[in-house]
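J.: Below: one structure in structure tokens.
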Amino acid sequence: GRQSLRASAFADAKRQFALALALLPWQADTRGEALLGHGESASLAGHEAEAMASLTAAQSWFQARGDLRAAQAAHRVGRVAWRQEQIETARTAFRAALAILGEAGGAERAEVLVDLGTLQAVSGGDLAAGLAQVREAVSLAETLGDQRLLAMTRRALGNLLVRANDLPAGIALLEDALALAVAAGDLTEAAECCACLAPACWWLGDVARSEAVTQQRLAFALTSHDRFQLRHVYPWLAACAGIRGRVAEATAEFARAEEIILGLES
């Protein structure tokens, strides 16, 4: 299951973790990890309801044993809820993860702060609170010196600065984050960086670059096999084509978008 997850073979990973769970007794030391793996792979395979059930069970399993991995499970619960636009459930889960971690957690704490801060600012409309949480995450990442984490936190800060109308500073951070993500081989994070950079370019009036960045995002998303990443790619490409007069191309992109979106539990 772990090997399939690392290879982005999410459906295969989901099957392997499900088999492990069928074979493992409740008290087995590795059951929590299997629940966590099944939940993560189910979400990446597009099965959010299954993911939520497994991740919630993983959180309970780890909490009953006083294991800090309960925070990781809670964090994943929040992400799955957010993918389904269950904003309050996601916010509660992210805060639960932070409470479990306390002042500990290092990289995990930074990741939760990125998600909570972005949720607060983008979905909750509280930009000031979101910026404060994301800046804390950036500080943690810089202390740890983890390149993948630096990419994630700088992307989140750049995104919020763009939304706060500080386009030059935000775009500089997003470009830096994208380079870091590519260098670290984290294609999912690279796709997220492109997702934030494309609207920033659009808001500057640079539609050509917005389209080029979205094509990059498409390549990263296809390589990482995360269908959820594709939900905005084809509509954005359609908008870029349409505003430049390429109507037939825009129509084809909308058709691709519909096919992808109908396959998501969102």
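If you're wondering about the labels, chains in the structure tokens are A, B, ... by order shown, residues count from 1 in each chain, ligands from 1 in order shown.
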Would you mind listing what lies within 12 Å of A:Gly242 as a PyMOL selection string, with only C-alpha atoms counted and same-chain residues fewer than 4 positions away left out?
T.: chain A and resi 207+211+234-238+246-254
J.: Env of A:Leu19: 10 Å cut, atoms = only C-alpha atoms, seq-sep filter 6 positions within chain, self excluded. Answer as an MDAnalysis selection string.
T.: chainID A and resid 1 13 34 38
J.: Give me the stretch 10-89 of chain A side of the contact with stretch 97-116 of chain A, cut-off 6 Å, one line per residue showing its nearest atom pair and distance in Å at one decimal, counting only C-alpha atoms, sorted by chain and residue number, as CSV.
T.:
residue,atom,partner,partner_atom,distance
A:Ala71,CA,A:Ala97,CA,4.2
A:Ala74,CA,A:Ala97,CA,5.3
A:His75,CA,A:Ala97,CA,5.6
J.: Would you put the residues from that selection into a file with N, CA and C atoms, as a PDB file, in the first residue's frame?
T.:
ATOM      1  N   ALA A  71      -3.027  13.705  15.352  1.00  0.00           N
ATOM      2  CA  ALA A  71      -3.018  15.031  14.714  1.00  0.00           C
ATOM      3  C   ALA A  71      -2.937  14.892  13.197  1.00  0.00           C
ATOM      4  N   ALA A  74      -6.349  13.862  12.038  1.00  0.00           N
ATOM      5  CA  ALA A  74      -7.279  14.996  12.091  1.00  0.00           C
ATOM      6  C   ALA A  74      -7.014  15.968  10.944  1.00  0.00           C
ATOM      7  N   HIS A  75      -5.741  16.202  10.655  1.00  0.00           N
ATOM      8  CA  HIS A  75      -5.370  17.085   9.544  1.00  0.00           C
ATOM      9  C   HIS A  75      -5.924  16.552   8.230  1.00  0.00           C
TER      10      HIS A  75
END
J.: Env of A:Phe17: 12 Å cut, atoms = only C-alpha atoms, seq-sep filter 3 positions within chain, self excluded. Answer as a short mmCIF file (atom, residue, chain, number, x, y, z; two decimals) with C-alpha atoms, in the first residue's frame.
T.:
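Result file follows (out-v2.cif):
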data_model
loop_
_atom_site.label_atom_id
_atom_site.label_comp_id
_atom_site.auth_asym_id
_atom_site.auth_seq_id
_atom_site.Cartn_x
_atom_site.Cartn_y
_atom_site.Cartn_z
CA GLY A 1 0.00 0.00 0.00
CA ARG A 2 2.75 2.45 0.91
CA GLN A 3 4.68 1.64 -2.27
CA SER A 4 1.56 2.22 -4.40
CA LEU A 5 0.89 5.50 -2.59
CA PHE A 10 -3.94 5.50 -5.55
CA ALA A 11 -6.59 2.91 -6.49
CA ASP A 12 -4.05 0.11 -5.99
CA ALA A 13 -2.96 1.61 -2.67
CA LYS A 14 -6.57 1.82 -1.52
CA ALA A 20 -4.54 -5.01 5.36
CA LEU A 21 -7.47 -3.71 7.42
CA ALA A 22 -9.46 -6.87 6.73
CA LEU A 23 -6.55 -8.98 8.01
CA LEU A 24 -5.48 -6.89 11.01
CA THR A 30 -0.16 -1.18 12.69
CA ARG A 31 -3.94 -0.82 12.37
CA GLY A 32 -3.84 2.96 12.84
CA GLU A 33 -1.27 3.33 10.06
CA ALA A 34 -3.40 1.14 7.78
CA LEU A 35 -6.48 3.30 8.48
CA LEU A 36 -4.44 6.42 7.76
CA GLY A 37 -3.08 4.95 4.52
CA HIS A 38 -6.51 3.79 3.38
CA GLY A 39 -8.01 7.20 4.08
CA GLU A 40 -5.29 9.10 2.25
CA SER A 41 -5.30 6.80 -0.78
CA ALA A 42 -9.13 6.77 -0.92
CA ALA A 51 -11.63 8.50 3.11
CA SER A 54 -11.12 5.70 7.58
#
J.: Record the distance separating atom CA of A:Glu258 and atom CA of A:Arg231, expressed in Å with one decimal.
T.: 8.8 Å
J.: Could you tell me, as a ChimeraX atom specification, which residues of stretch 36-261 of chain A DSSP assigns to helix (DSSP H, G or I) when given the backbone?
T.: /A:36-44,48-64,69-83,87-101,107-123,127-144,147-163,167-184,187-203,207-224,227-231,233-243,247-261
J.: Show me, as JSON lines, the residues of stretch 108-142 of chain A having an atom within 9 Å of stretch 163-177 of chain A, each with the closest atom pair and its distance in Å, using only C-alpha atoms.
T.:
{"residue": "A:Ala121", "atom": "CA", "partner": "A:Arg163", "partner_atom": "CA", "distance": 8.9}
{"residue": "A:Val122", "atom": "CA", "partner": "A:Arg163", "partner_atom": "CA", "distance": 8.5}
{"residue": "A:Leu127", "atom": "CA", "partner": "A:Ala164", "partner_atom": "CA", "distance": 7.6}
J.: Please determine, counting only C-alpha atoms, which residue among A:Leu264, A:Gly117, A:Gly145, A:Phe62 has the shortest atom-to-atom distance to A:Leu44.
T.: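 Of A:Leu264, A:Gly117, A:Gly145, A:Phe62, the one nearest A:Leu44 is A:Leu264, counting only C-alpha atoms.
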J.: Can you tell me how far atom CA of A:Ser266 sits from atom CA of A:Ala96, in Å to one decimal?
T.: 23.0 Å
